[in-house]
file target-v7.cif (mmCIF, C-alpha atoms)
data_start
#
loop_
_atom_site.label_atom_id
_atom_site.label_comp_id
_atom_site.auth_asym_id
_atom_site.auth_seq_id
_atom_site.Cartn_x
_atom_site.Cartn_y
_atom_site.Cartn_z
CA MET A 1 -92.12 -26.56 8.66
CA LYS A 2 -92.36 -29.38 6.23
CA ASN A 3 -89.63 -31.94 5.84
CA ASP A 4 -89.11 -30.97 2.19
CA ASP A 5 -88.48 -27.33 3.14
CA LYS A 6 -85.99 -28.33 5.83
CA ALA A 7 -84.12 -30.49 3.38
CA SER A 8 -83.98 -27.63 0.83
CA ILE A 9 -82.52 -25.22 3.43
CA SER A 10 -79.89 -27.77 4.49
CA LEU A 11 -78.85 -28.31 0.88
CA LYS A 12 -78.47 -24.56 0.36
CA LYS A 13 -76.27 -24.32 3.44
CA ILE A 14 -74.04 -27.12 2.19
CA VAL A 15 -73.67 -25.45 -1.24
CA CYS A 16 -72.80 -22.07 0.35
CA ILE A 17 -70.23 -23.59 2.69
CA SER A 18 -68.65 -25.48 -0.24
CA ILE A 19 -68.36 -22.28 -2.32
CA ILE A 20 -66.74 -20.46 0.61
CA LEU A 21 -64.24 -23.27 1.15
CA ILE A 22 -63.34 -23.36 -2.56
CA PHE A 23 -62.83 -19.58 -2.53
CA LEU A 24 -60.59 -19.73 0.55
CA LEU A 25 -58.56 -22.59 -0.87
CA GLY A 26 -58.05 -20.65 -4.09
CA ILE A 27 -56.75 -17.65 -2.14
CA GLY A 28 -54.41 -19.93 -0.19
CA VAL A 29 -53.04 -21.50 -3.37
CA MET A 30 -52.53 -18.07 -4.92
CA ALA A 31 -50.76 -16.85 -1.79
CA GLY A 32 -48.54 -19.93 -1.78
CA ASN A 33 -47.45 -19.23 -5.36
CA VAL A 34 -46.41 -15.62 -4.64
CA LYS A 35 -42.65 -15.17 -4.14
CA LEU A 36 -41.38 -12.89 -1.41
CA ASN A 37 -38.25 -10.86 -2.18
CA SER A 38 -35.89 -9.45 0.42
CA VAL A 39 -34.88 -6.06 -0.95
CA LYS A 40 -32.27 -3.62 0.35
CA ILE A 41 -33.06 0.06 -0.09
CA ILE A 42 -30.18 2.50 0.44
CA LEU A 43 -31.35 6.06 0.97
CA SER A 44 -29.32 9.09 -0.11
CA SER A 45 -28.54 9.78 3.54
CA GLY A 46 -26.72 6.45 3.72
CA TYR A 47 -29.43 4.76 5.80
CA GLU A 48 -30.13 1.19 4.73
CA MET A 49 -33.42 -0.63 5.13
CA ASN A 50 -34.40 -4.18 4.27
CA VAL A 51 -37.99 -4.88 3.23
CA LEU A 52 -39.99 -7.93 2.20
CA THR A 53 -42.16 -7.52 -0.86
CA THR A 54 -43.90 -9.53 -3.53
CA LYS A 55 -43.35 -6.77 -6.07
CA THR A 56 -40.51 -6.65 -8.60
CA ASN A 57 -41.12 -3.20 -10.08
CA ILE A 58 -38.79 -0.60 -8.54
CA LYS A 59 -41.39 2.17 -8.54
CA ASP A 60 -44.00 -0.12 -6.96
CA ILE A 61 -41.57 -1.15 -4.22
CA LEU A 62 -40.77 2.48 -3.39
CA ASN A 63 -44.45 3.42 -3.33
CA GLU A 64 -45.27 0.40 -1.18
CA ASN A 65 -42.77 1.63 1.39
CA HIS A 66 -43.89 5.28 1.14
CA ILE A 67 -40.57 6.46 -0.29
CA ASN A 68 -40.85 9.54 -2.50
CA LEU A 69 -37.88 10.96 -4.40
CA SER A 70 -37.05 14.64 -4.13
CA GLU A 71 -36.15 16.66 -7.21
CA ASP A 72 -32.42 16.35 -6.50
CA GLU A 73 -32.49 12.54 -6.16
CA THR A 74 -32.35 9.67 -8.62
CA VAL A 75 -32.48 5.87 -8.41
CA ILE A 76 -29.86 3.28 -9.20
CA PRO A 77 -30.25 1.14 -11.31
CA TYR A 78 -31.06 4.04 -13.61
CA ASN A 79 -33.77 3.83 -16.25
CA GLN A 80 -34.68 0.28 -15.23
CA GLU A 81 -38.11 -0.80 -14.10
CA GLU A 82 -37.46 -4.26 -12.72
CA LEU A 83 -35.48 -5.18 -9.61
CA PRO A 84 -31.82 -6.10 -10.39
CA ASN A 85 -30.25 -9.44 -9.46
CA ASN A 86 -28.57 -8.05 -6.35
CA LYS A 87 -32.02 -6.99 -4.99
CA THR A 88 -30.67 -3.54 -4.14
CA ILE A 89 -32.18 -0.14 -4.83
CA THR A 90 -29.92 2.86 -4.25
CA ILE A 91 -31.13 6.43 -4.01
CA ILE A 92 -28.43 9.04 -4.57
CA LYS A 93 -28.20 12.79 -4.92
CA LYS A 94 -27.87 13.99 -8.49
CA ASP A 95 -24.88 16.13 -7.57
CA LYS A 96 -23.02 12.88 -6.79
CA LEU A 97 -23.22 12.15 -10.49
CA VAL A 98 -21.53 15.48 -11.19
CA GLU A 99 -18.73 14.61 -8.74
CA THR A 100 -18.21 11.32 -10.52
CA ALA A 101 -18.12 13.07 -13.89
CA THR A 102 -15.18 15.22 -12.79
CA GLU A 103 -13.22 12.05 -11.98
CA ILE A 104 -13.60 10.71 -15.50
CA GLU A 105 -10.81 12.11 -17.66
CA SER A 106 -12.40 12.54 -21.07
CA SER A 107 -12.68 15.35 -23.52
CA GLU A 108 -16.01 13.99 -24.75
CA ASP A 109 -19.37 14.55 -23.12
CA VAL A 110 -20.34 11.88 -20.64
CA THR A 111 -23.87 10.60 -20.90
CA THR A 112 -25.96 9.87 -17.84
CA GLU A 113 -26.04 6.19 -18.78
CA GLU A 114 -22.22 6.03 -18.96
CA LEU A 115 -21.99 7.88 -15.69
CA LEU A 116 -24.32 5.52 -13.90
CA GLN A 117 -22.25 2.51 -14.91
CA ASN A 118 -20.07 3.45 -11.96
CA TYR A 119 -23.01 2.56 -9.72
CA SER A 120 -23.89 -0.71 -11.45
CA GLU A 121 -24.06 -3.99 -9.58
CA ILE A 122 -20.81 -5.34 -8.09
CA ILE A 123 -20.54 -9.13 -8.13
CA GLU A 124 -18.15 -10.86 -5.75
CA LYS A 125 -16.81 -14.35 -6.44
CA ILE A 126 -14.44 -16.74 -4.66
CA VAL A 127 -12.12 -18.26 -7.26
CA THR A 128 -9.44 -20.92 -6.77
CA LYS A 129 -6.65 -21.19 -9.34
CA GLN A 130 -3.47 -23.20 -9.74
CA VAL A 131 -0.46 -20.91 -10.11
CA LYS A 132 3.04 -21.83 -11.26
CA ILE A 133 5.93 -21.27 -8.84
CA PRO A 134 8.98 -20.43 -11.00
CA TYR A 135 12.20 -22.18 -10.06
CA GLU A 136 15.33 -20.19 -9.24
CA THR A 137 18.70 -20.52 -10.91
CA ILE A 138 21.62 -20.86 -8.49
CA LYS A 139 25.16 -20.36 -9.70
CA ARG A 140 27.99 -21.91 -7.74
CA ASP A 141 31.49 -20.63 -8.32
CA VAL A 142 33.79 -23.65 -8.36
CA SER A 143 36.93 -21.82 -9.40
CA GLY A 144 39.92 -23.66 -7.97
CA VAL A 145 37.67 -26.40 -6.55
CA THR A 146 37.17 -28.72 -9.53
CA SER A 147 39.23 -29.54 -12.58
CA SER A 148 36.34 -28.80 -14.91
CA LYS A 149 37.16 -26.02 -17.37
CA THR A 150 33.61 -25.21 -18.45
CA ASN A 151 30.35 -24.27 -16.81
CA ARG A 152 27.94 -27.15 -16.30
CA VAL A 153 24.39 -27.73 -15.13
CA VAL A 154 24.38 -30.16 -12.21
CA GLN A 155 20.62 -29.98 -11.55
CA GLU A 156 17.82 -29.02 -13.91
CA GLY A 157 15.13 -26.65 -12.64
CA VAL A 158 11.49 -27.67 -12.31
CA ASP A 159 8.62 -25.25 -11.68
CA GLY A 160 6.48 -25.79 -8.62
CA LEU A 161 2.73 -25.43 -8.28
CA LYS A 162 0.47 -23.79 -5.71
CA GLU A 163 -3.28 -23.46 -5.28
CA VAL A 164 -4.36 -19.88 -4.63
CA THR A 165 -7.82 -18.73 -3.55
CA TYR A 166 -8.84 -15.20 -4.52
CA LYS A 167 -11.78 -12.95 -3.73
CA ILE A 168 -12.56 -11.16 -7.00
CA LYS A 169 -15.00 -8.30 -7.54
CA TYR A 170 -16.54 -7.64 -10.95
CA GLN A 171 -18.45 -4.62 -12.23
CA ASN A 172 -19.88 -4.44 -15.73
CA ASP A 173 -18.28 -7.88 -16.33
CA GLU A 174 -14.81 -6.44 -15.64
CA GLU A 175 -12.49 -7.37 -12.77
CA ILE A 176 -12.10 -4.34 -10.49
CA GLU A 177 -10.49 -5.87 -7.40
CA LYS A 178 -8.58 -9.08 -6.66
CA THR A 179 -7.50 -10.12 -3.16
CA GLU A 180 -5.57 -13.28 -2.27
CA ILE A 181 -7.28 -15.09 0.61
CA SER A 182 -5.10 -18.17 0.98
CA SER A 183 -2.54 -20.31 -0.83
CA LYS A 184 -1.31 -23.88 -0.54
CA VAL A 185 1.84 -25.29 -2.11
CA ILE A 186 1.03 -28.45 -4.06
CA LYS A 187 4.52 -29.06 -5.44
CA LYS A 188 7.70 -27.30 -4.38
CA PRO A 189 9.97 -25.97 -7.15
CA VAL A 190 13.35 -27.57 -7.78
CA ASN A 191 16.10 -24.99 -8.26
CA LYS A 192 18.40 -25.12 -11.26
CA ILE A 193 22.05 -25.36 -10.16
CA ILE A 194 24.93 -24.34 -12.41
CA GLU A 195 28.58 -24.72 -11.52
CA ILE A 196 30.53 -21.86 -13.06
CA LYS A 197 34.19 -21.05 -13.51
CA ALA A 198 34.84 -17.39 -12.65
CA LYS A 199 37.20 -15.43 -14.79
CA GLN A 200 40.69 -15.87 -13.42
CA GLN A 201 44.13 -14.62 -14.32
CA VAL A 202 47.04 -16.93 -13.57
CA THR A 203 50.51 -15.48 -13.25
CA SER A 204 53.82 -17.17 -12.41
CA ARG A 205 56.07 -15.77 -9.73
CA GLY A 206 59.11 -17.95 -9.36
CA SER A 207 57.92 -21.41 -8.40
CA SER A 208 54.49 -20.26 -7.08
CA THR A 209 51.33 -19.80 -9.10
CA LYS A 210 48.77 -17.20 -8.02
CA ILE A 211 45.12 -17.06 -8.97
CA ARG A 212 43.63 -13.62 -9.41
CA PHE A 213 39.89 -13.62 -8.75
CA SER A 214 37.28 -11.33 -10.24
CA GLY A 215 37.83 -9.16 -7.17
CA LYS A 216 41.22 -7.53 -6.58
CA TRP A 217 43.25 -10.13 -4.69
CA SER A 218 45.55 -12.94 -5.85
CA TYR A 219 46.46 -16.04 -3.83
CA THR A 220 48.25 -19.32 -4.31
CA ALA A 221 46.43 -22.59 -3.67
CA SER A 222 48.15 -22.93 -0.29
CA GLU A 223 47.12 -19.39 0.68
CA ILE A 224 43.51 -20.16 -0.25
CA ASP A 225 43.73 -23.27 1.93
CA LEU A 226 45.05 -21.09 4.80
CA LEU A 227 42.19 -18.59 4.32
CA CYS A 228 39.71 -21.47 4.48
CA ALA A 229 41.33 -22.99 7.60
CA ILE A 230 41.24 -19.66 9.51
CA THR A 231 37.67 -18.99 8.36
CA ALA A 232 36.58 -22.48 9.46
CA GLN A 233 38.21 -22.01 12.88
CA GLU A 234 36.32 -18.73 13.38
CA CYS A 235 33.00 -20.20 12.13
CA SER A 236 32.14 -23.38 10.27
CA SER A 237 28.51 -23.74 11.39
CA SER A 238 27.09 -22.75 7.99
CA TYR A 239 27.84 -21.13 4.64
CA ASN A 240 26.47 -17.77 5.82
CA GLY A 241 28.48 -17.98 9.04
CA ALA A 242 31.71 -18.63 7.12
CA LEU A 243 30.89 -15.93 4.58
CA ALA A 244 30.32 -13.46 7.43
CA VAL A 245 33.86 -14.10 8.79
CA ILE A 246 35.65 -13.65 5.45
CA THR A 247 33.39 -10.66 4.71
CA CYS A 248 34.58 -9.02 7.93
CA ALA A 249 38.22 -9.41 6.85
CA ALA A 250 37.42 -8.14 3.33
CA ASN A 251 35.57 -5.11 4.77
CA ARG A 252 38.63 -4.28 6.89
CA ALA A 253 40.95 -4.63 3.88
CA GLU A 254 38.80 -2.12 2.00
CA SER A 255 38.54 0.30 4.95
CA SER A 256 41.18 3.02 5.37
CA ARG A 257 40.81 2.65 9.13
CA TRP A 258 42.17 -0.93 9.09
CA GLN A 259 44.62 -0.89 6.20
CA ASN A 260 47.59 -0.62 8.52
CA ASN A 261 46.93 -4.34 9.09
CA GLY A 262 47.04 -5.04 5.36
CA LYS A 263 45.13 -4.46 2.16
CA ASP A 264 43.78 -7.99 1.62
CA PRO A 265 41.77 -10.48 3.73
CA LEU A 266 44.71 -12.81 4.46
CA SER A 267 46.81 -9.93 5.79
CA GLN A 268 43.89 -8.92 8.00
CA TYR A 269 43.62 -12.52 9.23
CA LYS A 270 47.33 -12.51 10.14
CA ALA A 271 47.26 -9.16 11.99
CA LYS A 272 48.35 -9.55 15.59
CA GLY A 273 45.63 -9.99 18.17
CA GLN A 274 42.75 -9.76 15.69
CA PHE A 275 41.74 -13.19 14.34
CA CYS A 276 42.56 -16.68 15.61
CA TYR A 277 45.75 -16.87 13.49
CA SER A 278 47.85 -15.03 16.11
CA ILE A 279 45.86 -16.16 19.14
CA ASP A 280 45.82 -19.95 18.97
CA ASN A 281 46.97 -22.77 16.73
CA TYR A 282 43.68 -24.66 16.39
CA TRP A 283 43.31 -23.47 12.81
CA ARG A 284 46.34 -25.59 11.82
CA LYS A 285 44.28 -28.75 12.27
CA LYS A 286 41.97 -27.53 9.51
CA LEU A 287 44.67 -27.08 6.86
CA ASN A 288 44.80 -29.27 3.75
CA GLY A 289 41.05 -29.18 3.24
CA ASN A 290 39.94 -30.30 6.71
CA TYR A 291 36.85 -28.08 6.61
CA PRO A 292 33.35 -28.29 5.06
CA SER A 293 33.08 -27.61 1.32
CA TYR A 294 30.73 -24.68 1.96
CA VAL A 295 33.52 -22.91 3.89
CA ARG A 296 35.69 -23.00 0.76
CA GLN A 297 32.74 -21.88 -1.33
CA ALA A 298 32.19 -18.92 1.02
CA VAL A 299 35.86 -17.91 0.77
CA ILE A 300 35.84 -18.17 -3.05
CA ASP A 301 32.60 -16.15 -3.24
CA ALA A 302 34.02 -13.43 -0.96
CA LEU A 303 37.22 -13.16 -3.00
CA ASN A 304 34.99 -12.68 -6.05
CA GLY A 305 33.22 -9.77 -4.35
CA LYS A 306 30.28 -11.33 -2.46
CA ARG A 307 29.39 -9.84 0.97
CA ASN A 308 26.63 -10.53 3.50
CA HIS A 309 27.13 -7.59 5.90
CA ASN A 310 28.91 -4.24 6.34
CA TYR A 311 30.46 -4.76 9.78
CA LEU A 312 34.14 -4.56 10.72
CA SER A 313 34.31 -6.58 13.97
CA PHE A 314 32.74 -9.61 15.63
CA ARG A 315 32.75 -11.52 18.89
CA ALA A 316 31.31 -14.83 20.01
CA ALA A 317 27.59 -14.60 20.77
CA GLY A 318 26.97 -13.41 24.33
CA PHE A 319 30.03 -11.18 24.50
CA ALA A 320 28.77 -8.25 22.41
CA LYS A 321 25.62 -6.65 21.02
CA GLY A 322 24.99 -6.66 17.30
CA VAL A 323 23.78 -8.90 14.48
CA ASN A 324 24.11 -12.65 15.01
CA ILE A 325 25.31 -14.54 11.93
CA GLY A 326 26.28 -18.19 12.34
CA GLY A 327 26.87 -17.89 16.09
CA ASN A 328 29.05 -14.75 16.00
CA VAL A 329 27.77 -11.25 16.73
CA TYR A 330 28.89 -8.60 14.20
CA PHE A 331 29.14 -4.87 14.96
CA ASN A 332 31.10 -1.74 14.13
CA PRO A 333 33.46 -0.56 16.90
CA MET A 334 33.02 2.92 18.31
#

call {"tool": "encode", "arguments": {"input": "target-v7.cif", "output": "structure tokens"}}
result
Amino acid sequence: MKNDDKASISLKKIVCISIILIFLLGIGVMAGNVKLNSVKIILSSGYEMNVLTTKTNIKDILNENHINLSEDETVIPYNQEELPNNKTITIIKKDKLVETATEIESSEDVTTEELLQNYSEIIEKIVTKQVKIPYETIKRDVSGVTSSKTNRVVQEGVDGLKEVTYKIKYQNDEEIEKTEISSKVIKKPVNKIIEIKAKQQVTSRGSSTKIRFSGKWSYTASEIDLLCAITAQECSSSYNGALAVITCAANRAESSRWQNNGKDPLSQYKAKGQFCYSIDNYWRKKLNGNYPSYVRQAVIDALNGKRNHNYLSFRAAGFAKGVNIGGNVYFNPM
């Protein structure tokens, strides 16, 4: 073979190889530009399958995966050719649409499109919002405690603030479900405090003056001091503890079972063998205001009708079974 012929054959080989390489590179570039979608297909039986596809047409995706609809089946999203944003195709029985129609209370005919809105895409979002914490208003009865004749605000209320995280579900751009996931207090609220003067009736009896509270009992200032001293001796650990003691006496005064001891809390306190009044003299050391201010507040509140339990007896903790309030256990005797 001549040298010229050999050179011609070599050149042809080079050209052919170059064309093949260009063709393969073109295919590779085209393949690299094709986007793969992960699509969930939910069959009418409830079975779910996830497929990878380069197609975006719903019918093409079903055909690609050899899924044929029966006459009693339809596809959600309805009457839509392209894949929805949630990449989900749902196949349902047509009779399910009838069941949904019965749940819609309407005298008008429901179109298939309106019906299928119930199967439209549900979008879930995590949303964080700042929510106001309203302050509370606390009223303190200072009847007989201060010389003030009018109600007054001693502390203004300030709303607090908390950060709340919700999981919210939307369908057809409407909120359909909202669940609180967590919350964090950013600023605690400051309660509004008002000192009030309860309605009182003052009557003179000889040289003594009695104060009638909004409840049903009247006492002189010295009797109120005695009530506070006995209450403090029985329990002065906290406001609730003191209120529980005076509540017990008030409950007895209002109970027909105990009225032989008296019809008011002080008479119940003085009944023999019941409270500390007839058992020891330690309460005397607490007369003339030698007790915490919240003890007096508890007594005043109870005389105005406030209660924090329904029991008629109590013992020191450890000596009886019942409800522990302020270190004493309250119960109703058999």

call {"tool": "closest_residue", "arguments": {"input": "target-v7.cif", "among": "A:Trp217, A:Tyr170, A:Tyr239, A:Tyr311", "to": "Tyr291 of chain A", "atoms": "all atoms listed in the file"}}
result
A:Tyr239

call {"tool": "residues_around", "arguments": {"input": "target-v7.cif", "residues": "Glu64 of chain A", "least_positions_apart": "5", "cutoff": "9 Å", "atoms": "all atoms listed in the file", "output": "list in words"}}
result
Thr53, Lys55 and Lys59 of chain A

call {"tool": "resolve_selection", "arguments": {"input": "target-v7.cif", "expression": "the PyMOL selection byres ((chain A and resi 34-48) around 12)", "output": "MDAnalysis selection string"}}
result
chainID A and resid 27:33 49:58 61:62 65 67:70 72:77 83:96

call {"tool": "residues_around", "arguments": {"input": "target-v7.cif", "residues": "Ala232 of chain A", "least_positions_apart": "3", "cutoff": "8 Å", "atoms": "only C-alpha atoms", "output": "PDB file with C-alpha atoms, in the coordinates of the input"}}
result
ATOM      1  CA  CYS A 228      39.710 -21.470   4.480  1.00  0.00           C
ATOM      2  CA  ALA A 229      41.330 -22.990   7.600  1.00  0.00           C
ATOM      3  CA  CYS A 235      33.000 -20.200  12.130  1.00  0.00           C
ATOM      4  CA  SER A 236      32.140 -23.380  10.270  1.00  0.00           C
ATOM      5  CA  ALA A 242      31.710 -18.630   7.120  1.00  0.00           C
ATOM      6  CA  TRP A 283      43.310 -23.470  12.810  1.00  0.00           C
ATOM      7  CA  LYS A 286      41.970 -27.530   9.510  1.00  0.00           C
ATOM      8  CA  TYR A 291      36.850 -28.080   6.610  1.00  0.00           C
ATOM      9  CA  PRO A 292      33.350 -28.290   5.060  1.00  0.00           C
ATOM     10  CA  VAL A 295      33.520 -22.910   3.890  1.00  0.00           C
TER      11      VAL A 295
END

call {"tool": "resolve_selection", "arguments": {"input": "target-v7.cif", "expression": "the PyMOL selection byres ((chain A and resi 300) around 9)", "output": "number ranges by chain"}}
result
A: 141-144, 213, 224, 295-299, 301-306

call {"tool": "atom_distance", "arguments": {"input": "target-v7.cif", "atom1": "atom CA of Ser255 of chain A", "atom2": "atom CA of Ser222 of chain A"}}
result
25.7 Å

call {"tool": "residues_around", "arguments": {"input": "target-v7.cif", "residues": "Ala250 of chain A", "least_positions_apart": "4", "cutoff": "10 Å", "atoms": "all atoms listed in the file", "output": "short mmCIF file (atom, residue, chain, number, x, y, z; two decimals) with C-alpha atoms, in the frame of the given file"}}
result
data_model
loop_
_atom_site.label_atom_id
_atom_site.label_comp_id
_atom_site.auth_asym_id
_atom_site.auth_seq_id
_atom_site.Cartn_x
_atom_site.Cartn_y
_atom_site.Cartn_z
CA ALA A 244 30.32 -13.46 7.43
CA VAL A 245 33.86 -14.10 8.79
CA ILE A 246 35.65 -13.65 5.45
CA GLU A 254 38.80 -2.12 2.00
CA SER A 255 38.54 0.30 4.95
CA LYS A 263 45.13 -4.46 2.16
CA ASP A 264 43.78 -7.99 1.62
CA PRO A 265 41.77 -10.48 3.73
CA LEU A 266 44.71 -12.81 4.46
CA SER A 267 46.81 -9.93 5.79
CA GLN A 268 43.89 -8.92 8.00
CA TYR A 269 43.62 -12.52 9.23
CA ALA A 302 34.02 -13.43 -0.96
CA LEU A 303 37.22 -13.16 -3.00
CA GLY A 305 33.22 -9.77 -4.35
CA LYS A 306 30.28 -11.33 -2.46
CA ARG A 307 29.39 -9.84 0.97
CA ASN A 310 28.91 -4.24 6.34
CA LEU A 312 34.14 -4.56 10.72
#

call {"tool": "atom_distance", "arguments": {"input": "target-v7.cif", "atom1": "atom CA of Pro333 of chain A", "atom2": "atom CA of Ile230 of chain A"}}
result
21.9 Å

call {"tool": "atom_distance", "arguments": {"input": "target-v7.cif", "atom1": "atom CA of Asn328 of chain A", "atom2": "atom CA of Ala221 of chain A"}}
result
27.4 Å

call {"tool": "resolve_selection", "arguments": {"input": "target-v7.cif", "expression": "the PyMOL selection byres ((chain A and resi 127) around 12)", "output": "ChimeraX atom specification"}}
result
/A:124-126,128-130,163-169,178-183

call {"tool": "closest_residue", "arguments": {"input": "target-v7.cif", "among": "A:Asn240, A:Lys132, A:Asn260, A:Glu223", "to": "Leu287 of chain A", "atoms": "only C-alpha atoms"}}
result
A:Glu223

call {"tool": "residues_around", "arguments": {"input": "target-v7.cif", "residues": "Ile138 of chain A", "least_positions_apart": "6", "cutoff": "8 Å", "atoms": "only C-alpha atoms", "output": "PyMOL selection string"}}
result
chain A and resi 191-194

call {"tool": "residues_around", "arguments": {"input": "target-v7.cif", "residues": "Gly160 of chain A", "least_positions_apart": "4", "cutoff": "12 Å", "atoms": "all atoms listed in the file", "output": "list in words"}}
result
Gln130, Val131, Lys132, Ile133, Pro134, Tyr135, Glu136, Lys184, Val185, Ile186, Lys187, Lys188, Pro189, Val190 and Asn191 of chain A

call {"tool": "decode", "arguments": {"input": "target-v7.cif", "residues": "segment 36-89 of chain A", "atoms": "C-alpha atoms", "output": "compact mmCIF listing (two decimals), in the first residue's frame"}}
result
# COMPACT_ATOMS: atom_id res chain seq x y z
CA LEU A 36 -34.52 14.11 38.37
CA ASN A 37 -37.67 14.42 40.48
CA SER A 38 -38.47 12.27 43.50
CA VAL A 39 -42.21 11.66 43.26
CA LYS A 40 -44.53 9.99 45.76
CA ILE A 41 -47.40 7.99 44.30
CA ILE A 42 -50.18 6.99 46.70
CA LEU A 43 -52.37 4.21 45.34
CA SER A 44 -56.06 3.87 46.20
CA SER A 45 -55.20 0.88 48.38
CA GLY A 46 -53.12 3.17 50.59
CA TYR A 47 -49.79 1.78 49.37
CA GLU A 48 -47.15 4.46 48.83
CA MET A 49 -44.29 4.27 46.37
CA ASN A 50 -41.46 6.70 45.69
CA VAL A 51 -40.05 6.90 42.16
CA LEU A 52 -37.34 8.88 40.41
CA THR A 53 -38.29 10.39 37.08
CA THR A 54 -37.27 13.11 34.68
CA LYS A 55 -40.87 13.63 33.62
CA THR A 56 -43.19 16.30 35.01
CA ASN A 57 -46.43 15.28 33.29
CA ILE A 58 -48.67 13.26 35.62
CA LYS A 59 -49.93 10.94 32.89
CA ASP A 60 -46.39 10.31 31.63
CA ILE A 61 -45.19 9.48 35.14
CA LEU A 62 -48.01 6.97 35.65
CA ASN A 63 -47.37 5.36 32.27
CA GLU A 64 -43.64 5.21 32.96
CA ASN A 65 -44.37 3.23 36.11
CA HIS A 66 -47.00 1.01 34.44
CA ILE A 67 -49.84 2.36 36.56
CA ASN A 68 -53.25 2.21 34.87
CA LEU A 69 -56.37 3.69 36.45
CA SER A 70 -59.51 1.60 36.72
CA GLU A 71 -62.90 3.06 35.86
CA ASP A 72 -63.71 3.74 39.52
CA GLU A 73 -60.46 5.65 40.20
CA THR A 74 -59.35 9.23 39.69
CA VAL A 75 -56.15 11.21 40.25
CA ILE A 76 -55.41 14.05 42.63
CA PRO A 77 -54.53 16.79 41.69
CA TYR A 78 -57.63 16.66 39.52
CA ASN A 79 -57.67 18.05 35.99
CA GLN A 80 -54.01 19.05 36.19
CA GLU A 81 -51.35 17.84 33.81
CA GLU A 82 -48.16 18.95 35.53
CA LEU A 83 -46.71 17.64 38.79
CA PRO A 84 -47.70 19.80 41.84
CA ASN A 85 -45.17 21.44 44.15
CA ASN A 86 -45.46 18.72 46.78
CA LYS A 87 -44.40 16.10 44.17
CA THR A 88 -47.28 13.85 45.20
CA ILE A 89 -49.77 11.99 43.03
